[in-house]
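Asker: Supplied structure: my_file_32.tsv, TSV, C-alpha atoms and all ligand atoms.
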```tsv
chain	number	residue	atom	x	y	z
A	1051	MET	CA	-11.12	20.93	-8.72
A	1052	LYS	CA	-11.79	18.34	-11.40
A	1053	ILE	CA	-9.33	15.54	-10.85
A	1054	GLY	CA	-8.65	12.39	-12.88
A	1055	ILE	CA	-7.13	9.47	-10.98
A	1056	THR	CA	-5.50	6.44	-12.58
A	1057	CYS	CA	-4.40	3.44	-10.52
A	1058	TYR	CA	-4.21	-0.33	-10.54
A	1059	PRO	CA	-7.73	-1.35	-9.57
A	1060	THR	CA	-6.95	-4.76	-8.10
A	1061	TYR	CA	-5.66	-5.65	-4.62
A	1062	GLY	CA	-2.53	-3.70	-3.64
A	1063	GLY	CA	-1.48	-0.73	-1.58
A	1064	SER	CA	-1.21	1.78	-4.43
A	1065	GLY	CA	-4.78	1.06	-5.56
A	1066	VAL	CA	-6.06	1.35	-1.98
A	1067	ILE	CA	-4.38	4.73	-1.43
A	1068	ALA	CA	-5.51	6.08	-4.83
A	1069	THR	CA	-9.12	5.01	-4.28
A	1070	GLU	CA	-9.39	6.19	-0.68
A	1071	LEU	CA	-7.80	9.50	-1.72
A	1072	GLY	CA	-10.32	9.91	-4.55
A	1073	LYS	CA	-13.25	9.17	-2.23
A	1074	ALA	CA	-11.96	11.61	0.39
A	1075	LEU	CA	-11.40	14.34	-2.24
A	1076	ALA	CA	-14.96	13.82	-3.50
A	1077	LEU	CA	-16.31	14.22	0.04
A	1078	ARG	CA	-14.40	17.50	0.25
A	1079	GLY	CA	-16.25	18.79	-2.84
A	1080	HIS	CA	-13.87	17.92	-5.69
A	1081	GLN	CA	-15.10	16.10	-8.79
A	1082	VAL	CA	-13.17	12.86	-9.15
A	1083	HIS	CA	-12.91	10.72	-12.29
A	1084	PHE	CA	-11.26	7.31	-11.95
A	1085	ILE	CA	-9.76	6.05	-15.22
A	1086	SER	CA	-8.68	2.40	-15.24
A	1087	TYR	CA	-9.34	-0.99	-16.86
A	1088	ALA	CA	-11.64	-2.11	-14.03
A	1089	LEU	CA	-13.56	-0.62	-11.13
A	1090	PRO	CA	-11.12	-0.10	-8.22
A	1091	PHE	CA	-12.01	-2.73	-5.60
A	1092	ARG	CA	-12.39	-0.17	-2.80
A	1093	LEU	CA	-14.94	1.77	-4.91
A	1094	ASN	CA	-17.64	-0.61	-3.80
A	1095	SER	CA	-20.48	1.80	-3.02
A	1096	PHE	CA	-21.95	5.01	-4.39
A	1097	VAL	CA	-19.97	8.14	-3.60
A	1098	GLU	CA	-21.26	11.52	-4.75
A	1099	ASN	CA	-18.86	13.36	-7.10
A	1100	VAL	CA	-17.12	10.15	-8.16
A	1101	VAL	CA	-17.34	8.76	-11.70
A	1102	PHE	CA	-15.60	5.69	-13.10
A	1103	HIS	CA	-14.38	5.55	-16.73
A	1104	GLU	CA	-13.41	2.12	-18.01
A	1105	VAL	CA	-10.53	1.78	-20.45
A	1106	GLU	CA	-11.84	-0.59	-23.11
A	1107	MET	CA	-9.38	-2.90	-24.77
A	1108	SER	CA	-10.02	-4.01	-28.32
A	1109	SER	CA	-8.33	-7.10	-29.66
A	1110	TYR	CA	-7.05	-7.61	-33.20
A	1111	PRO	CA	-5.01	-10.58	-34.40
A	1112	LEU	CA	-2.12	-8.32	-35.42
A	1113	PHE	CA	-1.73	-7.04	-31.85
A	1114	GLU	CA	-0.06	-9.94	-30.13
A	1115	PHE	CA	0.17	-7.91	-26.89
A	1116	PRO	CA	-2.60	-5.74	-25.39
A	1117	LEU	CA	-2.01	-2.03	-26.08
A	1118	TYR	CA	-3.12	-0.86	-22.62
A	1119	THR	CA	-0.71	2.10	-22.34
A	1120	LEU	CA	-2.09	3.58	-25.55
A	1121	ALA	CA	-5.73	2.78	-24.80
A	1122	LEU	CA	-5.28	4.44	-21.39
A	1123	ALA	CA	-3.75	7.57	-22.96
A	1124	SER	CA	-6.69	7.82	-25.39
A	1125	LYS	CA	-9.20	7.48	-22.54
A	1126	MET	CA	-7.32	10.10	-20.49
A	1127	VAL	CA	-7.58	12.56	-23.41
A	1128	GLU	CA	-11.29	11.82	-23.88
A	1129	VAL	CA	-12.12	12.27	-20.18
A	1130	ALA	CA	-9.88	15.34	-19.75
A	1131	GLU	CA	-11.53	17.10	-22.71
A	1132	PHE	CA	-15.11	16.09	-22.03
A	1133	GLU	CA	-15.02	16.55	-18.24
A	1134	LYS	CA	-12.63	19.55	-18.40
A	1135	LEU	CA	-10.18	18.00	-15.94
A	1136	ASP	CA	-7.75	20.34	-14.21
A	1137	LEU	CA	-5.35	17.63	-13.22
A	1138	LEU	CA	-4.51	13.98	-13.70
A	1139	HIS	CA	-3.07	12.15	-10.69
A	1140	VAL	CA	-1.48	8.86	-11.67
A	1141	HIS	CA	-0.47	6.24	-9.11
A	1142	TYR	CA	2.45	3.94	-9.98
A	1143	ALA	CA	4.88	5.15	-12.63
A	1144	ILE	CA	4.61	2.26	-15.08
A	1145	PRO	CA	2.78	2.66	-17.41
A	1146	HIS	CA	0.47	5.29	-15.95
A	1147	ALA	CA	2.91	8.21	-15.96
A	1148	SER	CA	3.87	7.42	-19.56
A	1149	SER	CA	0.22	7.34	-20.68
A	1150	ALA	CA	-0.38	10.63	-18.87
A	1151	TYR	CA	2.60	12.22	-20.65
A	1152	LEU	CA	1.17	11.13	-24.00
A	1153	ALA	CA	-2.29	12.46	-23.09
A	1154	LYS	CA	-0.82	15.81	-22.03
A	1155	GLN	CA	1.06	16.14	-25.32
A	1156	MET	CA	-2.03	15.24	-27.35
A	1157	LEU	CA	-3.99	18.00	-25.61
A	1158	LYS	CA	-1.29	20.66	-26.02
A	1159	GLY	CA	-2.68	23.95	-27.33
A	1160	LYS	CA	-6.27	22.90	-26.58
A	1161	HIS	CA	-6.31	22.08	-22.90
A	1162	ASP	CA	-3.63	22.61	-20.25
A	1163	LEU	CA	-3.81	19.29	-18.40
A	1164	LYS	CA	-1.52	19.16	-15.36
A	1165	VAL	CA	-0.09	15.77	-14.39
A	1166	THR	CA	1.25	14.52	-11.09
A	1167	THR	CA	2.72	11.08	-10.40
A	1168	THR	CA	2.78	9.27	-7.07
A	1169	LEU	CA	5.56	6.72	-6.71
A	1170	HIS	CA	4.57	3.78	-4.54
A	1171	GLY	CA	7.55	1.50	-4.44
A	1172	THR	CA	7.89	-1.49	-6.68
A	1173	ASP	CA	7.53	0.83	-9.69
A	1174	ILE	CA	10.87	2.34	-8.59
A	1175	THR	CA	12.65	-0.35	-6.59
A	1176	LEU	CA	11.91	-3.35	-8.81
A	1177	VAL	CA	10.11	-2.87	-12.10
A	1178	GLY	CA	11.52	0.55	-12.94
A	1179	LEU	CA	15.10	-0.61	-12.52
A	1180	GLU	CA	14.68	-3.12	-15.32
A	1181	PRO	CA	17.31	-1.72	-17.74
A	1182	SER	CA	14.82	-1.42	-20.60
A	1183	PHE	CA	12.32	0.53	-18.46
A	1184	LEU	CA	14.74	2.84	-16.65
A	1185	PRO	CA	14.94	5.65	-19.26
A	1186	LEU	CA	11.16	5.59	-19.73
A	1187	VAL	CA	10.46	5.82	-15.98
A	1188	LYS	CA	13.01	8.64	-15.57
A	1189	PHE	CA	11.54	10.54	-18.53
A	1190	SER	CA	7.93	10.09	-17.40
A	1191	ILE	CA	8.66	11.30	-13.85
A	1192	GLU	CA	10.66	14.30	-15.09
A	1193	GLN	CA	7.89	15.26	-17.51
A	1194	SER	CA	5.17	15.18	-14.81
A	1195	ASP	CA	4.28	18.62	-13.48
A	1196	GLY	CA	4.56	17.21	-9.96
A	1197	ALA	CA	5.77	14.05	-8.27
A	1198	THR	CA	5.23	12.58	-4.83
A	1199	ALA	CA	6.75	9.58	-3.05
A	1200	VAL	CA	5.23	7.72	-0.11
A	1201	SER	CA	8.35	7.90	2.09
A	1202	ARG	CA	11.64	9.77	2.45
A	1203	PHE	CA	13.36	6.49	1.61
A	1204	LEU	CA	11.54	6.22	-1.73
A	1205	LYS	CA	12.22	9.86	-2.59
A	1206	GLU	CA	15.98	9.41	-2.01
A	1207	LYS	CA	16.01	6.10	-3.88
A	1208	THR	CA	14.28	7.69	-6.88
A	1209	LEU	CA	16.57	10.73	-6.96
A	1210	THR	CA	19.77	8.65	-6.76
A	1211	ASN	CA	18.80	5.60	-8.84
A	1212	TYR	CA	17.39	7.65	-11.68
A	1213	ASN	CA	19.61	10.68	-11.31
A	1214	ILE	CA	16.47	12.79	-11.39
A	1215	ASN	CA	16.70	16.53	-11.06
A	1216	LYS	CA	13.20	17.25	-9.88
A	1217	GLU	CA	11.40	18.16	-6.68
A	1218	ILE	CA	9.69	15.08	-5.22
A	1219	GLU	CA	7.36	15.75	-2.32
A	1220	VAL	CA	6.98	13.12	0.40
A	1221	ILE	CA	3.33	12.42	1.20
A	1222	PRO	CA	2.94	9.28	3.32
A	1223	ASN	CA	0.30	6.56	3.12
A	1224	PHE	CA	-2.73	7.14	5.30
A	1225	VAL	CA	-5.53	5.25	7.00
A	1226	ASP	CA	-9.00	6.16	8.22
A	1227	THR	CA	-8.52	5.67	11.95
A	1228	GLN	CA	-12.29	5.95	12.49
A	1229	VAL	CA	-12.66	2.73	10.48
A	1230	TYR	CA	-9.39	1.01	11.39
A	1231	LYS	CA	-9.65	1.08	15.17
A	1232	PRO	CA	-9.43	-1.36	18.06
A	1233	MET	CA	-12.75	-3.14	18.53
A	1234	LYS	CA	-12.06	-6.20	20.60
A	1235	ASP	CA	-14.58	-8.77	19.46
A	1236	ASP	CA	-14.29	-11.85	21.62
A	1237	CYS	CA	-16.62	-13.81	19.32
A	1238	ILE	CA	-14.22	-13.60	16.38
A	1239	LYS	CA	-11.19	-14.15	18.61
A	1240	ARG	CA	-12.72	-17.31	20.04
A	1241	ARG	CA	-13.35	-18.63	16.54
A	1242	LEU	CA	-9.74	-18.01	15.51
A	1243	ALA	CA	-7.85	-19.06	18.62
A	1244	ALA	CA	-8.38	-20.87	21.89
A	1245	LYS	CA	-8.83	-18.94	25.15
A	1246	GLY	CA	-5.53	-17.42	26.28
A	1247	GLU	CA	-3.80	-17.96	22.95
A	1248	LYS	CA	-2.00	-15.03	21.34
A	1249	ILE	CA	-2.58	-14.20	17.66
A	1250	LEU	CA	0.16	-13.12	15.27
A	1251	VAL	CA	-1.02	-11.78	11.93
A	1252	HIS	CA	0.39	-10.93	8.50
A	1253	THR	CA	-1.36	-9.54	5.44
A	1254	SER	CA	0.20	-9.20	1.99
A	1255	ASN	CA	0.08	-10.21	-1.65
A	1256	PHE	CA	2.41	-13.15	-0.95
A	1257	ARG	CA	5.05	-11.94	-3.36
A	1258	GLN	CA	8.72	-12.85	-2.84
A	1259	VAL	CA	9.58	-9.35	-1.51
A	1260	LYS	CA	7.22	-9.94	1.43
A	1261	ARG	CA	9.26	-12.92	2.74
A	1262	VAL	CA	6.13	-14.62	4.08
A	1263	THR	CA	8.17	-17.77	4.75
A	1264	ASP	CA	10.10	-15.69	7.33
A	1265	VAL	CA	6.77	-14.94	9.05
A	1266	ILE	CA	6.22	-18.69	9.42
A	1267	LYS	CA	9.79	-19.26	10.68
A	1268	ILE	CA	9.37	-16.47	13.26
A	1269	PHE	CA	6.06	-17.97	14.37
A	1270	ASP	CA	7.63	-21.43	14.65
A	1271	ILE	CA	10.05	-20.06	17.28
A	1272	VAL	CA	7.33	-18.05	19.07
A	1273	GLN	CA	4.83	-20.92	19.34
A	1274	LYS	CA	7.42	-23.08	21.11
A	1275	GLU	CA	7.37	-20.56	23.99
A	1276	ILE	CA	3.87	-19.06	23.82
A	1277	GLN	CA	0.52	-20.67	23.05
A	1278	SER	CA	-0.37	-18.91	19.83
A	1279	LYS	CA	-1.85	-18.94	16.33
A	1280	LEU	CA	-0.66	-17.32	13.11
A	1281	LEU	CA	-3.16	-15.79	10.68
A	1282	LEU	CA	-1.95	-15.31	7.11
A	1283	ILE	CA	-4.24	-13.07	5.08
A	1284	GLY	CA	-4.00	-12.52	1.32
A	1285	ASP	CA	-2.90	-14.58	-1.61
A	1286	GLY	CA	-0.21	-14.65	-4.26
A	1287	PRO	CA	2.66	-16.54	-5.87
A	1288	ASP	CA	4.39	-17.65	-2.64
A	1289	ARG	CA	1.32	-19.12	-0.95
A	1290	SER	CA	2.02	-22.72	-2.04
A	1291	GLU	CA	5.60	-22.50	-0.76
A	1292	CYS	CA	4.25	-21.14	2.56
A	1293	GLU	CA	1.74	-23.99	2.83
A	1294	ARG	CA	4.53	-26.48	2.13
A	1295	LEU	CA	6.72	-24.94	4.86
A	1296	THR	CA	3.81	-25.02	7.31
A	1297	ARG	CA	3.36	-28.77	6.71
A	1298	GLN	CA	7.11	-29.37	6.93
A	1299	LEU	CA	7.27	-27.61	10.32
A	1300	ASP	CA	4.18	-29.50	11.45
A	1301	LEU	CA	2.29	-26.27	12.10
A	1302	ASN	CA	-0.93	-27.14	10.25
A	1303	ASP	CA	-3.09	-26.71	13.34
A	1304	LYS	CA	-1.54	-23.39	14.28
A	1305	VAL	CA	-1.17	-21.51	10.99
A	1306	LYS	CA	-4.39	-20.42	9.28
A	1307	PHE	CA	-4.34	-19.32	5.66
A	1308	LEU	CA	-7.42	-17.09	5.39
A	1309	GLY	CA	-6.92	-15.93	1.78
A	1310	LYS	CA	-8.20	-12.51	0.71
A	1311	GLN	CA	-10.50	-11.02	3.34
A	1312	GLU	CA	-12.97	-8.14	3.37
A	1313	GLY	CA	-13.36	-7.99	7.16
A	1314	LEU	CA	-9.78	-6.99	7.84
A	1315	VAL	CA	-10.53	-4.60	10.72
A	1316	GLU	CA	-12.29	-7.29	12.74
A	1317	ILE	CA	-9.44	-9.74	12.22
A	1318	LEU	CA	-6.69	-7.21	12.98
A	1319	SER	CA	-8.57	-6.00	16.04
A	1320	CYS	CA	-8.65	-9.41	17.65
A	1321	SER	CA	-4.97	-10.08	16.89
A	1322	ASP	CA	-2.00	-9.22	19.09
A	1323	LEU	CA	1.00	-8.63	16.86
A	1324	PHE	CA	1.61	-7.72	13.20
A	1325	VAL	CA	4.64	-9.22	11.44
A	1326	ILE	CA	6.13	-7.71	8.26
A	1327	PRO	CA	9.68	-8.96	7.55
A	1328	SER	CA	9.81	-7.63	3.94
A	1329	GLN	CA	12.83	-7.53	1.67
A	1330	SER	CA	11.63	-4.23	0.23
A	1331	GLU	CA	8.84	-1.96	1.48
A	1332	SER	CA	8.56	1.66	0.47
A	1333	PHE	CA	6.03	2.44	3.20
A	1334	GLY	CA	4.11	-0.59	4.53
A	1335	LEU	CA	0.42	0.32	4.39
A	1336	ALA	CA	-0.56	-3.08	5.82
A	1337	ALA	CA	1.49	-2.32	8.95
A	1338	LEU	CA	-0.13	1.11	9.29
A	1339	GLU	CA	-3.61	-0.45	9.14
A	1340	ALA	CA	-2.59	-2.86	11.90
A	1341	MET	CA	-1.13	-0.04	14.02
A	1342	ALA	CA	-4.39	1.89	13.72
A	1343	CYS	CA	-6.08	-1.18	15.22
A	1344	GLY	CA	-3.65	-1.01	18.15
A	1345	LEU	CA	-1.18	-3.70	17.08
A	1346	PRO	CA	2.55	-3.37	17.73
A	1347	VAL	CA	4.63	-4.32	14.67
A	1348	ILE	CA	7.66	-6.57	14.23
A	1349	SER	CA	9.35	-5.55	10.97
A	1350	SER	CA	12.53	-5.64	8.96
A	1351	SER	CA	14.58	-2.47	8.76
A	1352	VAL	CA	14.12	-1.89	5.04
A	1353	GLY	CA	12.80	1.02	3.02
A	1354	GLY	CA	10.22	3.25	4.63
A	1355	LEU	CA	9.41	0.85	7.50
A	1356	PRO	CA	11.62	2.70	10.05
A	1357	GLU	CA	9.70	5.91	9.18
A	1358	LEU	CA	6.50	4.14	10.20
A	1359	VAL	CA	7.45	1.80	13.03
A	1360	LYS	CA	9.36	3.46	15.86
A	1361	HIS	CA	11.80	0.88	17.23
A	1362	ASN	CA	11.18	0.08	20.90
A	1363	GLU	CA	8.05	2.30	20.97
A	1364	SER	CA	5.42	1.00	18.57
A	1365	GLY	CA	7.22	-2.21	17.68
A	1366	PHE	CA	10.63	-3.65	16.93
A	1367	ILE	CA	12.84	-3.58	13.86
A	1368	ALA	CA	15.52	-6.10	12.86
A	1369	GLU	CA	17.75	-6.88	9.88
A	1370	ILE	CA	16.14	-8.65	6.88
A	1371	GLY	CA	16.13	-12.40	7.45
A	1372	ASP	CA	17.03	-12.23	11.16
A	1373	VAL	CA	14.09	-14.42	12.16
A	1374	GLU	CA	15.60	-15.32	15.56
A	1375	ARG	CA	15.80	-11.66	16.61
A	1376	MET	CA	12.30	-10.91	15.32
A	1377	ALA	CA	10.96	-13.93	17.24
A	1378	LYS	CA	12.81	-12.79	20.39
A	1379	TYR	CA	11.18	-9.35	20.09
A	1380	ALA	CA	7.76	-10.95	19.59
A	1381	ILE	CA	8.18	-13.18	22.67
A	1382	ASP	CA	9.41	-10.21	24.71
A	1383	LEU	CA	6.26	-8.20	23.89
A	1384	LEU	CA	3.78	-11.04	24.23
A	1385	THR	CA	5.06	-12.06	27.64
A	1386	ASN	CA	5.19	-8.57	29.15
A	1387	GLU	CA	1.63	-7.29	29.52
A	1388	LYS	CA	2.57	-3.84	30.78
A	1389	LYS	CA	5.04	-3.25	27.94
A	1390	TYR	CA	2.57	-4.66	25.40
A	1391	LYS	CA	-0.14	-2.21	26.46
A	1392	ILE	CA	2.23	0.76	26.12
A	1393	PHE	CA	3.37	-0.38	22.65
A	1394	SER	CA	-0.23	-0.99	21.57
A	1395	LYS	CA	-1.24	2.53	22.62
A	1396	ASN	CA	1.86	4.01	20.96
A	1397	SER	CA	0.94	2.26	17.69
A	1398	ARG	CA	-2.60	3.57	17.70
A	1399	ASP	CA	-1.47	7.09	18.70
A	1400	ARG	CA	1.16	7.19	15.97
A	1401	ALA	CA	-1.40	6.16	13.32
A	1402	VAL	CA	-3.92	8.75	14.55
A	1403	ASN	CA	-1.47	11.63	15.04
A	1404	LEU	CA	0.66	11.25	11.91
A	1405	PHE	CA	-1.10	9.15	9.31
A	1406	ASP	CA	-4.83	9.70	9.65
A	1407	ILE	CA	-6.70	10.40	6.41
A	1408	SER	CA	-7.77	13.82	7.72
A	1409	LYS	CA	-4.12	14.86	8.07
A	1410	VAL	CA	-2.78	13.49	4.77
A	1411	VAL	CA	-5.50	14.32	2.20
A	1412	PRO	CA	-4.98	18.11	2.71
A	1413	LEU	CA	-1.29	17.57	1.84
A	1414	TYR	CA	-2.37	16.25	-1.57
A	1415	GLU	CA	-4.75	19.21	-2.02
A	1416	GLU	CA	-1.89	21.58	-1.25
A	1417	HIS	CA	0.33	19.68	-3.71
A	1418	TYR	CA	-2.36	20.08	-6.42
A	1419	ARG	CA	-2.67	23.82	-5.70
A	1420	LYS	CA	1.09	24.28	-6.16
A	1421	ILE	CA	0.99	22.42	-9.47
A	1422	MET	CA	-1.97	24.43	-10.75
A	1423	GLU	CA	-0.09	27.64	-10.01
A	1424	SER	CA	3.10	26.47	-11.73
A	1501	LIG	O1	3.92	-4.70	-3.21
A	1501	LIG	C1	2.92	-4.25	-2.66
A	1501	LIG	O2	2.72	-4.32	-1.45
A	1501	LIG	C2	1.91	-3.58	-3.51
A	1501	LIG	C3	2.39	-2.22	-3.82
A	1501	LIG	C4	1.44	-1.50	-4.70
A	1501	LIG	O3	1.92	-0.72	-5.49
A	1501	LIG	O4	0.24	-1.68	-4.67
A	1501	LIG	O5	2.65	-1.57	-2.57
A	1501	LIG	C5	3.54	-0.51	-2.56
A	1501	LIG	O6	2.75	0.65	-2.37
A	1501	LIG	C6	2.10	0.74	-1.09
A	1501	LIG	C7	1.24	2.00	-1.09
A	1501	LIG	O7	1.99	3.16	-1.27
A	1501	LIG	C8	3.17	0.76	0.02
A	1501	LIG	O8	2.55	0.87	1.30
A	1501	LIG	C9	3.97	-0.54	-0.05
A	1501	LIG	O9	5.02	-0.46	0.89
A	1501	LIG	C10	4.58	-0.69	-1.45
A	1501	LIG	N1	5.18	-2.04	-1.55
A	1501	LIG	C11	6.49	-2.22	-1.68
A	1501	LIG	O10	7.31	-1.30	-1.69
A	1501	LIG	C12	6.94	-3.63	-1.79
```
Just give me the structure of the file as structure tokens.
Ligand code: GMT
Answerer:
Amino acid sequence: MKIGITCYPTYGGSGVIATELGKALALRGHQVHFISYALPFRLNSFVENVVFHEVEMSSYPLFEFPLYTLALASKMVEVAEFEKLDLLHVHYAIPHASSAYLAKQMLKGKHDLKVTTTLHGTDITLVGLEPSFLPLVKFSIEQSDGATAVSRFLKEKTLTNYNINKEIEVIPNFVDTQVYKPMKDDCIKRRLAAKGEKILVHTSNFRQVKRVTDVIKIFDIVQKEIQSKLLLIGDGPDRSECERLTRQLDLNDKVKFLGKQEGLVEILSCSDLFVIPSQSESFGLAALEAMACGLPVISSSVGGLPELVKHNESGFIAEIGDVERMAKYAIDLLTNEKKYKIFSKNSRDRAVNLFDISKVVPLYEEHYRKIMES
């Protein structure tokens, strides 16, 4: 098939899933055309059957705001016509699904371009619920030929919040468990923590919904009982507040802010526990990547997290904001070697058996086939 993919190209789970999906589809013989304003950051080496089309933005004094939605729709039409695309797969409803609707209408009568939209989370749970956006998001999803959501939670949320009468297929996030795998590297571990110290880790975009300050509060309780370090990976609006809290709790020597990192697998692999106490999380790709590396997860009970983390098997789940309970769970696991090993194996097995790339990409292919036949 000839497939167009539009996503946010910068750091973020939806861009990661869209890019890894496109690369995997290309390896399976499909022709994949990425359409976005910049090269997706995971598209960092040559892949046969993959082409990138940049959406150029022109500026004119009259246009006080960039007209990206329209420029994207124009580029989608151009690529669909020239490359004879069968299908356009847009990731994140706003504004991608709206641009795709426009492109489809512009091609009507000339080219039957099918459109499918994958809902990732904040497009539905935060941004899309903005009163002014709600009708547009509802309309754009309903007008797509197909729609997928990354968890059962997100599907239900979309159907009820938007009163949508449309089939939404659940296709979860995935990870390449051949790449994300345990590879205990003592060299890196020794550089990050002293001998015998445990390592707790968190990766995110440091937005408010991630509650990174809770990660620090949990760690503060844990480090009083267990010699440990906390690694915070990523960057974003809440980082300064997190650094301030770290100083206030006198944890400067124990909490390391590593910023954005390319070598995530190495860092995850030498860590012991992943912490994700989010306020809202439609799936939790970062937790899945950690599980694939053999890390048990301590998480909040929101959104799609309980579909990923099995309580008392591959980690522990607690109410949002209950930092004492999350810390208690962390201490329980880190002080019980036998239990830890079982949880670590369960995490890896769950990632391999349910969420490996080889299991999930065919679900998207099947979804495309259904749309093409509709
Ligand atoms: O907020 C983020 O973490 C980024 C966001 C995105 O769209 O890039 O992530 C969302 O999509 C990911 C991929 O499907 C999911 O794994 C994340 O759970 C989801 N984030 C939230 O729901 C907050």
Asker: Counting all atoms listed in the file, give me one row per residue of chain A with an atom at most 7 Å from an atom of ligand LIG 1501 (chain A), showing the shortest contact pair and its distance in Å to one decimal, sorted by chain then residue number, as a Markdown table.
Answerer:
```
| residue | atom | partner | partner_atom | distance |
| --- | --- | --- | --- | --- |
| A:Gly1062 | CA | A:LIG1501 | O4 | 3.6 |
| A:Gly1063 | CA | A:LIG1501 | O4 | 3.7 |
| A:Ser1064 | CA | A:LIG1501 | O4 | 3.8 |
| A:Gly1065 | CA | A:LIG1501 | O4 | 5.8 |
| A:Ile1067 | CA | A:LIG1501 | C7 | 6.3 |
| A:Tyr1142 | CA | A:LIG1501 | O3 | 6.5 |
| A:His1170 | CA | A:LIG1501 | O7 | 4.2 |
| A:Gly1171 | CA | A:LIG1501 | O10 | 3.9 |
| A:Thr1172 | CA | A:LIG1501 | O10 | 5.0 |
| A:Val1200 | CA | A:LIG1501 | O7 | 5.7 |
| A:Asn1223 | CA | A:LIG1501 | O7 | 5.8 |
| A:Ser1254 | CA | A:LIG1501 | O2 | 6.5 |
| A:Asn1255 | CA | A:LIG1501 | O2 | 6.5 |
| A:Val1259 | CA | A:LIG1501 | C12 | 6.3 |
| A:Ser1330 | CA | A:LIG1501 | C12 | 5.1 |
| A:Glu1331 | CA | A:LIG1501 | O10 | 3.6 |
| A:Ser1332 | CA | A:LIG1501 | O10 | 3.9 |
| A:Phe1333 | CA | A:LIG1501 | O9 | 3.8 |
| A:Gly1334 | CA | A:LIG1501 | O9 | 3.8 |
| A:Leu1335 | CA | A:LIG1501 | O8 | 3.8 |
| A:Ala1336 | CA | A:LIG1501 | O8 | 6.8 |
```
Asker: Mind checking which residues fall within 12 Å of Asp1264 in chain A, counting all atoms listed in the file, ignoring those fewer than 5 positions away in the same chain, and posting them as a ChimeraX atom specification?
Answerer: /A:1252,1256,1258-1259,1269-1271,1288,1291-1292,1295-1296,1325-1329,1348-1350,1369-1377
Asker: Excluding Val1225 in chain A and residues on its chain fewer than 5 positions from it, collect all residues at most 12 Å away from it, counting all atoms listed in the file, and give them as number ranges by chain.
Answerer: A: 1063, 1066-1071, 1074, 1230-1231, 1315, 1334-1343, 1398, 1400-1411
Asker: Choose the residue, out of A:Arg1261, A:Lys1216, A:Lys1134, A:Lys1245, that has the smallest atom-to-atom separation from Lys1279 in chain A; count all atoms listed in the file.
Answerer: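 Using all atoms listed in the file, the shortest distance to Lys1279 in chain A belongs to A:Lys1245.
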Asker: Could you jot down the CA of Leu1314 in chain A to CA of Ile1283 in chain A separation for me, Å, one decimal place?
Answerer: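 Answer for the CA of Leu1314 in chain A to CA of Ile1283 in chain A separation: 8.7 Å.
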Asker: Between CA of Ser1424 in chain A and CA of Phe1183 in chain A, measure the distance and give it in Å to one decimal.
Answerer: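 Interatomic distance here is 28.3 Å.
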Asker: Under the rule that all atoms listed in the file are counted, which of A:Asn1099, A:Asn1213, A:Ser1108, A:Thr1056 is the nearest residue to Ser1148 in chain A?
Answerer: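 Ranked by minimum distance to Ser1148 in chain A, first place goes to A:Thr1056.
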Asker: From the set A:Leu1152, A:Val1105, A:Val1165, A:Val1177, which residue has the shortest atom-to-atom contact distance to Ala1197 in chain A, counting all atoms listed in the file?
Answerer: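 Under the stated criterion, the closest residue is A:Val1165.
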Asker: I need the residue nearest Ile1238 in chain A from this list: A:Leu1250, A:Lys1389, A:Gly1313, A:Gly1365. Use only C-alpha atoms for the distance.
Answerer: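 Answer, going by the shortest atom-to-atom distance: A:Gly1313.
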Asker: Measure the distance from CA of Arg1257 in chain A to CA of Arg1289 in chain A in Å and round it to one decimal.
Answerer: 8.4 Å
Asker: Give me the residues near Met1126 in chain A as a ChimeraX atom specification, where near means some atom within 12 Å (using only C-alpha atoms) and where sequence neighbours in that chain fewer than 5 positions away do not count.
Answerer: /A:1053-1056,1083-1087,1102-1106,1118-1121,1131-1135,1137-1140,1146-1157,1163-1165
Asker: Could you please take those selected residues and save C-alpha atoms as a compact mmCIF listing (two decimals), keeping the file's coordinate frame?
Answerer:
```txt
# COMPACT_ATOMS: atom_id res chain seq x y z
CA ILE A 1053 -9.33 15.54 -10.85
CA GLY A 1054 -8.65 12.39 -12.88
CA ILE A 1055 -7.13 9.47 -10.98
CA THR A 1056 -5.50 6.44 -12.58
CA HIS A 1083 -12.91 10.72 -12.29
CA PHE A 1084 -11.26 7.31 -11.95
CA ILE A 1085 -9.76 6.05 -15.22
CA SER A 1086 -8.68 2.40 -15.24
CA TYR A 1087 -9.34 -0.99 -16.86
CA PHE A 1102 -15.60 5.69 -13.10
CA HIS A 1103 -14.38 5.55 -16.73
CA GLU A 1104 -13.41 2.12 -18.01
CA VAL A 1105 -10.53 1.78 -20.45
CA GLU A 1106 -11.84 -0.59 -23.11
CA TYR A 1118 -3.12 -0.86 -22.62
CA THR A 1119 -0.71 2.10 -22.34
CA LEU A 1120 -2.09 3.58 -25.55
CA ALA A 1121 -5.73 2.78 -24.80
CA GLU A 1131 -11.53 17.10 -22.71
CA PHE A 1132 -15.11 16.09 -22.03
CA GLU A 1133 -15.02 16.55 -18.24
CA LYS A 1134 -12.63 19.55 -18.40
CA LEU A 1135 -10.18 18.00 -15.94
CA LEU A 1137 -5.35 17.63 -13.22
CA LEU A 1138 -4.51 13.98 -13.70
CA HIS A 1139 -3.07 12.15 -10.69
CA VAL A 1140 -1.48 8.86 -11.67
CA HIS A 1146 0.47 5.29 -15.95
CA ALA A 1147 2.91 8.21 -15.96
CA SER A 1148 3.87 7.42 -19.56
CA SER A 1149 0.22 7.34 -20.68
CA ALA A 1150 -0.38 10.63 -18.87
CA TYR A 1151 2.60 12.22 -20.65
CA LEU A 1152 1.17 11.13 -24.00
CA ALA A 1153 -2.29 12.46 -23.09
CA LYS A 1154 -0.82 15.81 -22.03
CA GLN A 1155 1.06 16.14 -25.32
CA MET A 1156 -2.03 15.24 -27.35
CA LEU A 1157 -3.99 18.00 -25.61
CA LEU A 1163 -3.81 19.29 -18.40
CA LYS A 1164 -1.52 19.16 -15.36
CA VAL A 1165 -0.09 15.77 -14.39
```
